[in-house]
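> Sharing input.pdb here; it has PDB, C-alpha atoms.
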ATOM      1  CA  MET A   1      48.596 123.378  75.870
ATOM      2  CA  ALA A   2      45.927 126.060  75.642
ATOM      3  CA  HIS A   3      43.553 123.661  73.921
ATOM      4  CA  GLU A   4      43.952 121.081  76.678
ATOM      5  CA  ALA A   5      43.337 123.654  79.399
ATOM      6  CA  VAL A   6      40.109 124.771  77.713
ATOM      7  CA  GLU A   7      39.020 121.192  77.142
ATOM      8  CA  TYR A   8      39.272 120.313  80.816
ATOM      9  CA  GLN A   9      37.534 123.447  82.067
ATOM     10  CA  THR A  10      34.246 122.955  80.244
ATOM     11  CA  ARG A  11      31.106 122.555  82.318
ATOM     12  CA  LYS A  12      30.206 118.893  82.399
ATOM     13  CA  GLY A  13      27.446 118.677  84.989
ATOM     14  CA  ALA A  14      27.117 118.782  88.734
ATOM     15  CA  ASN A  15      29.843 117.375  90.973
ATOM     16  CA  TRP A  16      27.498 115.812  93.498
ATOM     17  CA  ALA A  17      30.163 114.608  95.916
ATOM     18  CA  THR A  18      31.526 118.154  96.138
ATOM     19  CA  ILE A  19      28.044 119.680  96.360
ATOM     20  CA  ILE A  20      27.027 117.379  99.209
ATOM     21  CA  THR A  21      30.301 118.022 101.028
ATOM     22  CA  MET A  22      29.854 121.784 100.692
ATOM     23  CA  ILE A  23      26.279 121.591 101.979
ATOM     24  CA  ILE A  24      27.387 119.595 105.024
ATOM     25  CA  PHE A  25      30.237 121.984 105.821
ATOM     26  CA  HIS A  26      28.091 125.093 105.411
ATOM     27  CA  VAL A  27      25.252 123.694 107.523
ATOM     28  CA  LEU A  28      27.596 122.576 110.306
ATOM     29  CA  SER A  29      29.428 125.898 110.249
ATOM     30  CA  VAL A  30      26.077 127.524 111.095
ATOM     31  CA  VAL A  31      25.455 124.909 113.784
ATOM     32  CA  ALA A  32      28.839 125.872 115.267
ATOM     33  CA  LEU A  33      27.392 129.264 116.193
ATOM     34  CA  PHE A  34      25.167 127.515 118.749
ATOM     35  CA  TYR A  35      28.137 125.694 120.317
ATOM     36  CA  PHE A  36      30.330 128.704 120.937
ATOM     37  CA  THR A  37      33.061 128.521 123.558
ATOM     38  CA  TRP A  38      36.059 130.776 123.976
ATOM     39  CA  SER A  39      38.417 127.814 123.814
ATOM     40  CA  ALA A  40      36.870 126.673 120.532
ATOM     41  CA  LEU A  41      37.272 130.175 119.114
ATOM     42  CA  ALA A  42      40.920 130.343 120.198
ATOM     43  CA  VAL A  43      41.681 126.983 118.592
ATOM     44  CA  THR A  44      39.876 128.048 115.419
ATOM     45  CA  VAL A  45      41.776 131.330 115.098
ATOM     46  CA  PHE A  46      45.085 129.516 115.477
ATOM     47  CA  LEU A  47      44.129 126.858 112.924
ATOM     48  CA  TRP A  48      42.760 129.521 110.572
ATOM     49  CA  TRP A  49      46.155 131.214 110.590
ATOM     50  CA  LEU A  50      48.166 127.965 110.418
ATOM     51  CA  THR A  51      46.261 126.540 107.455
ATOM     52  CA  GLY A  52      45.469 129.788 105.649
ATOM     53  CA  SER A  53      48.800 131.614 105.933
ATOM     54  CA  PRO A  54      51.641 129.047 106.226
ATOM     55  CA  GLY A  55      49.434 126.509 104.438
ATOM     56  CA  ILE A  56      47.814 128.245 101.468
ATOM     57  CA  GLY A  57      49.429 131.664 101.106
ATOM     58  CA  MET A  58      53.042 130.863 101.971
ATOM     59  CA  GLY A  59      52.914 127.180 101.023
ATOM     60  CA  PHE A  60      50.578 126.255  98.170
ATOM     61  CA  HIS A  61      50.733 129.661  96.496
ATOM     62  CA  ARG A  62      54.032 131.471  96.913
ATOM     63  CA  LEU A  63      56.269 128.427  97.439
ATOM     64  CA  LEU A  64      54.808 125.485  95.520
ATOM     65  CA  THR A  65      53.086 127.310  92.649
ATOM     66  CA  HIS A  66      55.419 130.233  91.932
ATOM     67  CA  ARG A  67      58.631 129.143  93.664
ATOM     68  CA  GLY A  68      59.050 132.666  95.031
ATOM     69  CA  TYR A  69      61.500 131.355  97.606
ATOM     70  CA  LYS A  70      63.181 128.129  98.668
ATOM     71  CA  THR A  71      62.949 126.097 101.852
ATOM     72  CA  PRO A  72      64.347 122.778 103.062
ATOM     73  CA  LYS A  73      62.152 119.861 101.987
ATOM     74  CA  ALA A  74      61.004 119.230 105.564
ATOM     75  CA  VAL A  75      59.644 122.786 105.756
ATOM     76  CA  GLU A  76      58.046 122.469 102.311
ATOM     77  CA  TYR A  77      56.244 119.283 103.378
ATOM     78  CA  PHE A  78      55.124 120.856 106.654
ATOM     79  CA  LEU A  79      53.628 123.843 104.817
ATOM     80  CA  THR A  80      51.945 121.449 102.398
ATOM     81  CA  VAL A  81      50.330 119.466 105.222
ATOM     82  CA  CYS A  82      49.052 122.745 106.674
ATOM     83  CA  GLY A  83      47.608 123.573 103.255
ATOM     84  CA  VAL A  84      45.726 120.335 102.713
ATOM     85  CA  MET A  85      43.893 120.858 106.010
ATOM     86  CA  THR A  86      41.922 123.620 104.256
ATOM     87  CA  LEU A  87      40.140 121.009 102.118
ATOM     88  CA  GLU A  88      41.124 122.924  98.979
ATOM     89  CA  GLY A  89      42.398 119.763  97.348
ATOM     90  CA  GLY A  90      45.787 118.174  96.933
ATOM     91  CA  PRO A  91      48.927 120.262  96.346
ATOM     92  CA  ILE A  92      49.519 119.091  92.779
ATOM     93  CA  SER A  93      45.918 119.718  91.725
ATOM     94  CA  TRP A  94      45.907 123.134  93.444
ATOM     95  CA  VAL A  95      49.175 124.170  91.831
ATOM     96  CA  ALA A  96      48.147 122.962  88.370
ATOM     97  CA  THR A  97      44.866 124.876  88.608
ATOM     98  CA  HIS A  98      46.612 128.071  89.646
ATOM     99  CA  ARG A  99      49.281 127.792  86.974
ATOM    100  CA  ILE A 100      46.549 127.299  84.368
ATOM    101  CA  HIS A 101      44.857 130.415  85.786
ATOM    102  CA  HIS A 102      48.026 132.433  85.199
ATOM    103  CA  ALA A 103      48.507 130.967  81.736
ATOM    104  CA  HIS A 104      44.970 131.935  80.646
ATOM    105  CA  THR A 105      43.915 134.706  83.032
ATOM    106  CA  ASP A 106      40.442 136.009  82.152
ATOM    107  CA  GLU A 107      40.585 134.187  78.834
ATOM    108  CA  PRO A 108      39.127 130.876  77.605
ATOM    109  CA  GLY A 109      40.767 128.206  79.734
ATOM    110  CA  ASP A 110      40.858 130.218  82.964
ATOM    111  CA  PRO A 111      39.334 127.908  85.599
ATOM    112  CA  HIS A 112      37.540 130.701  87.479
ATOM    113  CA  SER A 113      37.254 133.996  85.625
ATOM    114  CA  PRO A 114      34.355 136.359  86.511
ATOM    115  CA  ARG A 115      33.993 136.887  82.774
ATOM    116  CA  ASP A 116      32.246 133.513  82.876
ATOM    117  CA  GLY A 117      29.987 134.757  85.695
ATOM    118  CA  LYS A 118      30.452 136.031  89.242
ATOM    119  CA  TRP A 119      28.926 132.889  90.785
ATOM    120  CA  TRP A 120      31.060 130.692  88.562
ATOM    121  CA  SER A 121      34.287 132.455  89.559
ATOM    122  CA  HIS A 122      33.535 132.177  93.264
ATOM    123  CA  ILE A 123      32.119 128.692  93.781
ATOM    124  CA  GLY A 124      30.418 127.501  90.600
ATOM    125  CA  TRP A 125      33.650 126.203  89.100
ATOM    126  CA  ILE A 126      34.005 123.880  92.097
ATOM    127  CA  LEU A 127      30.416 122.626  91.991
ATOM    128  CA  GLN A 128      30.101 122.159  88.248
ATOM    129  CA  GLY A 129      32.571 120.936  85.678
ATOM    130  CA  THR A 130      36.014 119.454  86.167
ATOM    131  CA  ALA A 131      37.157 121.955  88.842
ATOM    132  CA  GLN A 132      40.596 120.727  90.013
ATOM    133  CA  GLN A 133      40.063 117.119  88.953
ATOM    134  CA  TYR A 134      42.514 116.988  86.060
ATOM    135  CA  PRO A 135      43.799 113.799  84.415
ATOM    136  CA  ASP A 136      47.368 112.835  85.146
ATOM    137  CA  HIS A 137      48.820 114.162  81.891
ATOM    138  CA  ILE A 138      47.540 117.677  82.677
ATOM    139  CA  LEU A 139      49.024 117.509  86.181
ATOM    140  CA  LYS A 140      52.333 116.333  84.731
ATOM    141  CA  ARG A 141      52.317 119.185  82.221
ATOM    142  CA  TYR A 142      51.510 122.012  84.630
ATOM    143  CA  ALA A 143      53.132 120.712  87.821
ATOM    144  CA  PRO A 144      55.988 118.425  86.730
ATOM    145  CA  ASP A 145      58.153 119.508  89.667
ATOM    146  CA  LEU A 146      55.584 118.301  92.208
ATOM    147  CA  TRP A 147      54.565 115.236  90.211
ATOM    148  CA  LYS A 148      58.107 113.876  90.509
ATOM    149  CA  ASP A 149      57.991 114.144  94.311
ATOM    150  CA  PRO A 150      56.507 111.019  95.968
ATOM    151  CA  VAL A 151      55.512 112.913  99.120
ATOM    152  CA  HIS A 152      53.504 115.452  97.145
ATOM    153  CA  ARG A 153      51.995 112.630  95.081
ATOM    154  CA  PHE A 154      50.884 110.902  98.290
ATOM    155  CA  LEU A 155      49.425 114.102  99.757
ATOM    156  CA  ASN A 156      47.668 114.860  96.489
ATOM    157  CA  THR A 157      45.876 111.511  96.615
ATOM    158  CA  PHE A 158      45.131 111.466 100.339
ATOM    159  CA  TYR A 159      44.770 115.223 100.962
ATOM    160  CA  TYR A 160      41.747 114.672 103.234
ATOM    161  CA  VAL A 161      43.597 112.429 105.710
ATOM    162  CA  PRO A 162      45.325 115.221 107.725
ATOM    163  CA  LEU A 163      41.956 116.950 108.180
ATOM    164  CA  VAL A 164      40.360 113.720 109.424
ATOM    165  CA  ILE A 165      43.225 113.225 111.888
ATOM    166  CA  LEU A 166      42.869 116.839 113.012
ATOM    167  CA  GLY A 167      39.133 116.361 113.546
ATOM    168  CA  LEU A 168      39.710 113.296 115.701
ATOM    169  CA  ALA A 169      42.347 115.145 117.737
ATOM    170  CA  LEU A 170      40.009 118.099 118.276
ATOM    171  CA  ALA A 171      37.194 115.768 119.334
ATOM    172  CA  ALA A 172      39.443 114.108 121.894
ATOM    173  CA  ALA A 173      40.804 117.389 123.236
ATOM    174  CA  GLY A 174      37.760 119.661 123.197
ATOM    175  CA  GLY A 175      34.704 117.732 122.169
ATOM    176  CA  TRP A 176      32.041 118.545 119.598
ATOM    177  CA  ALA A 177      32.420 122.329 119.908
ATOM    178  CA  TRP A 178      36.073 122.193 118.915
ATOM    179  CA  VAL A 179      35.240 120.003 115.908
ATOM    180  CA  LEU A 180      32.424 122.279 114.736
ATOM    181  CA  TRP A 181      34.589 125.384 114.987
ATOM    182  CA  GLY A 182      38.063 124.032 114.232
ATOM    183  CA  VAL A 183      37.005 121.938 111.255
ATOM    184  CA  PHE A 184      33.638 122.920 109.769
ATOM    185  CA  PHE A 185      33.489 126.651 110.504
ATOM    186  CA  ARG A 186      37.189 127.225 109.804
ATOM    187  CA  VAL A 187      37.227 125.249 106.555
ATOM    188  CA  THR A 188      34.088 126.963 105.261
ATOM    189  CA  TYR A 189      35.459 130.406 106.056
ATOM    190  CA  GLY A 190      38.841 129.550 104.539
ATOM    191  CA  LEU A 191      37.298 128.274 101.321
ATOM    192  CA  HIS A 192      35.362 131.490 100.811
ATOM    193  CA  ALA A 193      38.433 133.590 101.587
ATOM    194  CA  THR A 194      40.377 131.769  98.870
ATOM    195  CA  TRP A 195      37.457 131.917  96.447
ATOM    196  CA  LEU A 196      37.209 135.680  96.987
ATOM    197  CA  VAL A 197      40.730 135.965  95.593
ATOM    198  CA  ASN A 198      39.445 134.195  92.472
ATOM    199  CA  SER A 199      36.284 136.262  92.175
ATOM    200  CA  ALA A 200      36.345 139.594  94.033
ATOM    201  CA  THR A 201      39.913 140.567  93.122
ATOM    202  CA  HIS A 202      39.001 140.257  89.441
ATOM    203  CA  LEU A 203      35.909 142.420  89.950
ATOM    204  CA  TRP A 204      36.547 145.179  92.498
ATOM    205  CA  GLY A 205      39.583 147.182  93.490
ATOM    206  CA  SER A 206      42.329 149.144  91.773
ATOM    207  CA  GLN A 207      45.014 148.346  89.242
ATOM    208  CA  ARG A 208      48.540 149.617  89.802
ATOM    209  CA  PHE A 209      49.918 147.714  86.806
ATOM    210  CA  GLU A 210      48.638 147.076  83.307
ATOM    211  CA  SER A 211      48.793 143.311  83.663
ATOM    212  CA  GLY A 212      46.642 142.523  80.621
ATOM    213  CA  ASP A 213      43.848 141.011  82.713
ATOM    214  CA  ASP A 214      41.176 142.019  85.237
ATOM    215  CA  SER A 215      43.267 141.429  88.379
ATOM    216  CA  LYS A 216      42.893 144.146  91.023
ATOM    217  CA  ASN A 217      44.266 145.060  94.423
ATOM    218  CA  ASN A 218      41.524 144.660  97.015
ATOM    219  CA  TRP A 219      42.310 145.616 100.614
ATOM    220  CA  TRP A 220      39.483 143.756 102.328
ATOM    221  CA  VAL A 221      40.228 140.514 100.483
ATOM    222  CA  ALA A 222      43.865 140.969 101.507
ATOM    223  CA  LEU A 223      42.820 141.186 105.163
ATOM    224  CA  LEU A 224      40.642 138.069 104.863
ATOM    225  CA  SER A 225      43.375 136.051 103.133
ATOM    226  CA  PHE A 226      46.591 137.140 104.897
ATOM    227  CA  GLY A 227      47.736 139.291 101.981
ATOM    228  CA  GLU A 228      46.548 137.429  98.884
ATOM    229  CA  GLY A 229      44.217 140.284  97.938
ATOM    230  CA  TRP A 230      47.007 142.409  96.440
ATOM    231  CA  HIS A 231      46.207 140.511  93.302
ATOM    232  CA  ASN A 232      47.161 143.014  90.613
ATOM    233  CA  ASN A 233      50.614 143.328  92.180
ATOM    234  CA  HIS A 234      50.828 139.534  92.051
ATOM    235  CA  HIS A 235      49.699 139.180  88.438
ATOM    236  CA  ALA A 236      52.164 141.839  87.332
ATOM    237  CA  GLN A 237      55.051 139.861  88.868
ATOM    238  CA  PRO A 238      53.804 136.351  89.747
ATOM    239  CA  ALA A 239      57.145 134.995  90.942
ATOM    240  CA  ALA A 240      57.614 137.707  93.586
ATOM    241  CA  ALA A 241      57.212 136.357  97.119
ATOM    242  CA  LYS A 242      56.077 139.774  98.328
ATOM    243  CA  HIS A 243      52.604 140.900  97.221
ATOM    244  CA  GLY A 244      52.071 143.996  99.350
ATOM    245  CA  ILE A 245      54.262 146.653  97.736
ATOM    246  CA  ALA A 246      53.157 149.928  99.321
ATOM    247  CA  TRP A 247      53.671 150.451 103.047
ATOM    248  CA  TYR A 248      49.919 150.265 103.688
ATOM    249  CA  GLU A 249      49.434 146.993 101.812
ATOM    250  CA  VAL A 250      49.355 144.568 104.737
ATOM    251  CA  ASP A 251      50.824 141.211 103.720
ATOM    252  CA  PHE A 252      50.932 138.693 106.572
ATOM    253  CA  ASN A 253      52.181 135.950 104.264
ATOM    254  CA  TRP A 254      55.213 138.056 103.381
ATOM    255  CA  TRP A 255      55.918 138.613 107.053
ATOM    256  CA  GLY A 256      55.751 134.837 107.518
ATOM    257  CA  ILE A 257      58.297 134.305 104.756
ATOM    258  CA  ARG A 258      60.547 136.898 106.372
ATOM    259  CA  THR A 259      60.216 135.027 109.663
ATOM    260  CA  LEU A 260      61.335 131.813 107.956
ATOM    261  CA  GLN A 261      64.261 133.726 106.505
ATOM    262  CA  ALA A 262      65.236 135.025 109.945
ATOM    263  CA  LEU A 263      65.221 131.424 111.170
ATOM    264  CA  GLY A 264      67.423 130.360 108.275
ATOM    265  CA  LEU A 265      64.588 128.394 106.659
ATOM    266  CA  ALA A 266      63.878 130.548 103.574
ATOM    267  CA  THR A 267      66.421 131.505 100.914
ATOM    268  CA  ASP A 268      66.539 132.853  97.347
ATOM    269  CA  ILE A 269      63.543 135.101  97.969
ATOM    270  CA  LYS A 270      62.284 136.788  94.799
ATOM    271  CA  LEU A 271      61.288 140.428  95.281
ATOM    272  CA  PRO A 272      59.143 142.822  93.247
ATOM    273  CA  LYS A 273      61.191 145.084  91.007
ATOM    274  CA  GLU A 274      59.761 148.170  92.727
ATOM    275  CA  HIS A 275      61.381 147.203  96.006
ATOM    276  CA  LEU A 276      64.850 146.178  94.977
ATOM    277  CA  GLN A 277      67.641 146.674  97.445
ATOM    278  CA  GLN A 278      70.780 146.541  95.377
ATOM    279  CA  ARG A 279      73.006 145.044  98.035
ATOM    280  CA  ALA A 280      73.008 141.243  98.275
ATOM    281  CA  ASN A 281      70.592 140.915  95.321
ATOM    282  CA  LEU A 282      71.017 138.947  92.104
ATOM    283  CA  THR A 283      68.915 138.988  88.936
ATOM    284  CA  ASP A 284      67.697 135.654  87.603
ATOM    285  CA  GLU A 285      66.938 134.725  83.995
ATOM    286  CA  ASP A 286      63.378 136.087  84.261
ATOM    287  CA  GLY A 287      64.466 139.532  85.397
ATOM    288  CA  MET A 288      63.233 138.946  88.934
ATOM    289  CA  LEU A 289      65.477 139.785  91.848
ATOM    290  CA  ILE A 290      66.614 137.112  94.251
ATOM    291  CA  GLU A 291      67.536 138.188  97.754
ATOM    292  CA  ARG A 292      70.181 135.941  99.181
ATOM    293  CA  ALA A 293      69.714 135.118 102.860
ATOM    294  CA  ALA A 294      72.369 136.615 105.088
TER     295      ALA A 294
END
Could you write out this structure as structure tokens?


Amino acid sequence: MAHEAVEYQTRKGANWATIITMIIFHVLSVVALFYFTWSALAVTVFLWWLTGSPGIGMGFHRLLTHRGYKTPKAVEYFLTVCGVMTLEGGPISWVATHRIHHAHTDEPGDPHSPRDGKWWSHIGWILQGTAQQYPDHILKRYAPDLWKDPVHRFLNTFYYVPLVILGLALAAAGGWAWVLWGVFFRVTYGLHATWLVNSATHLWGSQRFESGDDSKNNWWVALLSFGEGWHNNHHAQPAAAKHGIAWYEVDFNWWGIRTLQALGLATDIKLPKEHLQQRANLTDEDGMLIERAA
């Protein structure tokens, strides 16, 4: 398994389709600054939250990758659709990449370790090499649960379709300004926020736990990514749905999961060991605690 992960993370030349796409999005996100309207900003802030928090943090990361909690399938698919509108790839590819990252953190085979270079860990791994474009047998190995699901398979292949539909809807409702801000500016910002979790939180911050890697808690990355910056906490206990442990560690994604729980849409929530509440908790086979919904 380790050999395969290393094999498919070697640098194999420029990914020109990705490079051209990134250039277009970055250029048009700058152009958006000249088409500012308050309505465009409001739409962008809402979409930034919807795709970055329910989509990536709560959906792709804490639900699909680590199964830190459970939801009905309809909710899982909704969160997944929100996630693909970030243009971070399909759910199966995203999950496989992140599971490989945890299997080989800051070692050979890690898709985006700063030990291979700061630029590489932030964006270079997307522009050069295999990035998230794994062959099917790697996806089946690292994300077998999602591979068996036809809806996730469809969204993994056509992950760009929801963003195209969103762009058309924004054009019809608010014109070019809404498209520039709600698609190009938002996506570009969201990509860098996610990439900062890959790069900055393995470079700067503090370590509460001896996790055996370079992961660190970084408050400003946490603010930019709805709570994903408490990265050392996460690497110490990857299955925990709650990343912000101390009272001052703001974790919007955790609050979102709690909101789903209050609505009866999230169950079997795995908690960090430091914050166990003995009543209504059960220990699973991995030693994590599962909080049963009331």

> So which one's closest to Thr18 (chain A), A:Leu41, A:Ile126, A:Val179, A:Leu223? Using only C-alpha atoms, please.

A:Ile126

> Taking the file as shown, find all residues satisfying the PyMOL selection byres ((chain A and resi 203) around 10) and write them as a list in words.

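Against this file, the PyMOL selection byres ((chain A and resi 203) around 10) returns the residues Ser113, Pro114, Arg115, Lys118, Leu196, Val197, Asn198, Ser199, Ala200, Thr201, His202, Trp204, Gly205, Ser206, Asp214, Ser215, Lys216, Asn217 and Asn218 of chain A.
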
> Name the closest residue to Tyr142 (chain A) among the candidates A:Thr37, A:Thr97, A:Asn156, A:Thr86; distances are taken between atoms, counting all atoms listed in the file.

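Of A:Thr37, A:Thr97, A:Asn156, A:Thr86, the one nearest Tyr142 (chain A), counting all atoms listed in the file, is A:Thr97.
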
> Pick the closest to Leu47 (chain A) from A:Val30, A:Leu63, A:Leu87, A:Val187: which is it, counting all atoms listed in the file?

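Among A:Val30, A:Leu63, A:Leu87, A:Val187, it is A:Val187 that comes nearest to Leu47 (chain A).
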
> For the provided coordinates, the residues matched by the PyMOL selection byres ((chain A and resi 144) around 12) should be stated as a list in words.

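Expected selection for the PyMOL selection byres ((chain A and resi 144) around 12) here is Leu64, Thr65, Ile92, Ser93, Val95, Ala96, Arg99, Asp136, His137, Ile138, Leu139, Lys140, Arg141, Tyr142, Ala143, Asp145, Leu146, Trp147, Lys148, Asp149, Pro150, His152 and Arg153 of chain A.
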
> Using only C-alpha atoms, pick whichever of A:Leu166, A:Glu88, A:Ser211, A:Phe46 has the shortest atom-to-atom distance to Asp106 (chain A).

A:Ser211

> Do you have the CA of Gly129 (chain A)-CA of Leu224 (chain A) distance handy?

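Separating CA of Gly129 (chain A) from CA of Leu224 (chain A) is a distance of 27.0 Å.
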
> As a check of understanding, name the residues that the PyMOL selection byres ((chain A and resi 245-248) around 10) selects in the supplied structure, as a list in words.

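Applied to this file, the PyMOL selection byres ((chain A and resi 245-248) around 10) selects Trp219, Trp230, Asn233, His234, Lys242, His243, Gly244, Glu249, Val250, Asp251, Leu271, Pro272, Lys273, Glu274 and His275 of chain A.
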
> When distances are computed from all atoms listed in the file, which of A:Gly124, A:Ala171, A:Val27, A:Val84 shows the smallest separation from Thr157 (chain A)?

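Residue with the minimum atom-to-atom distance to Thr157 (chain A): A:Val84.
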
> Which of these, A:Trp16, A:Phe78, A:Trp195, A:Tyr189, has the shortest distance to Ser121 (chain A) once you count all atoms listed in the file?

A:Trp195

> Using all atoms of region 269-273 of chain A listed in the file and a margin of 3 Å per side, can you give the axis-aligned box centre and edge lengths in Å to one decimal, as JSON?


{"center_x": 61.3, "center_y": 140.1, "center_z": 94.5, "size_x": 10.4, "size_y": 16.0, "size_z": 13.0}

> Would you compute the distance between CA of Ser53 (chain A) and CA of Ala17 (chain A)? Give it in Å to one decimal.

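Answer for the CA of Ser53 (chain A) to CA of Ala17 (chain A) separation: 27.1 Å.
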
> If you measure from CA of Val151 (chain A) to CA of Thr80 (chain A), what distance in Å do you get, rounded to one decimal?

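These atoms are spaced 9.8 Å apart.
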
> For Glu228 (chain A), please output as a ChimeraX atom specification all residues within 7 Å (counting only C-alpha atoms; exclusion window: fewer than 3 positions along the same chain).

/A:57,197,222,225,231

> Between region 3-97 of chain A and region 255-263 of chain A, at 12 Å or less, what are the per-residue closest atom pairs and their distances in Å? Count all atoms listed in the file, order by chain and rising residue number, and return it as a tab-separated table.


residue	atom	partner	partner_atom	distance
A:Trp49	CA	A:Gly256	CA	10.7
A:Leu50	CA	A:Gly256	CA	10.6
A:Gly52	CA	A:Gly256	CA	11.6
A:Ser53	CA	A:Gly256	CA	7.8
A:Pro54	CA	A:Gly256	CA	7.2
A:Gly55	CA	A:Gly256	CA	10.9
A:Ile56	CA	A:Gly256	CA	12.0
A:Gly57	CA	A:Gly256	CA	9.5
A:Met58	CA	A:Ile257	CA	6.9
A:Gly59	CA	A:Ile257	CA	9.7
A:Arg62	CA	A:Ile257	CA	9.4
A:Leu63	CA	A:Ile257	CA	9.6
A:Gly68	CA	A:Ile257	CA	9.9
A:Tyr69	CA	A:Ile257	CA	8.4
A:Lys70	CA	A:Gln261	CA	9.7
A:Thr71	CA	A:Leu260	CA	8.5
A:Pro72	CA	A:Leu260	CA	10.7
A:Val75	CA	A:Leu260	CA	9.4
A:Glu76	CA	A:Leu260	CA	11.4
A:Leu79	CA	A:Ile257	CA	11.5
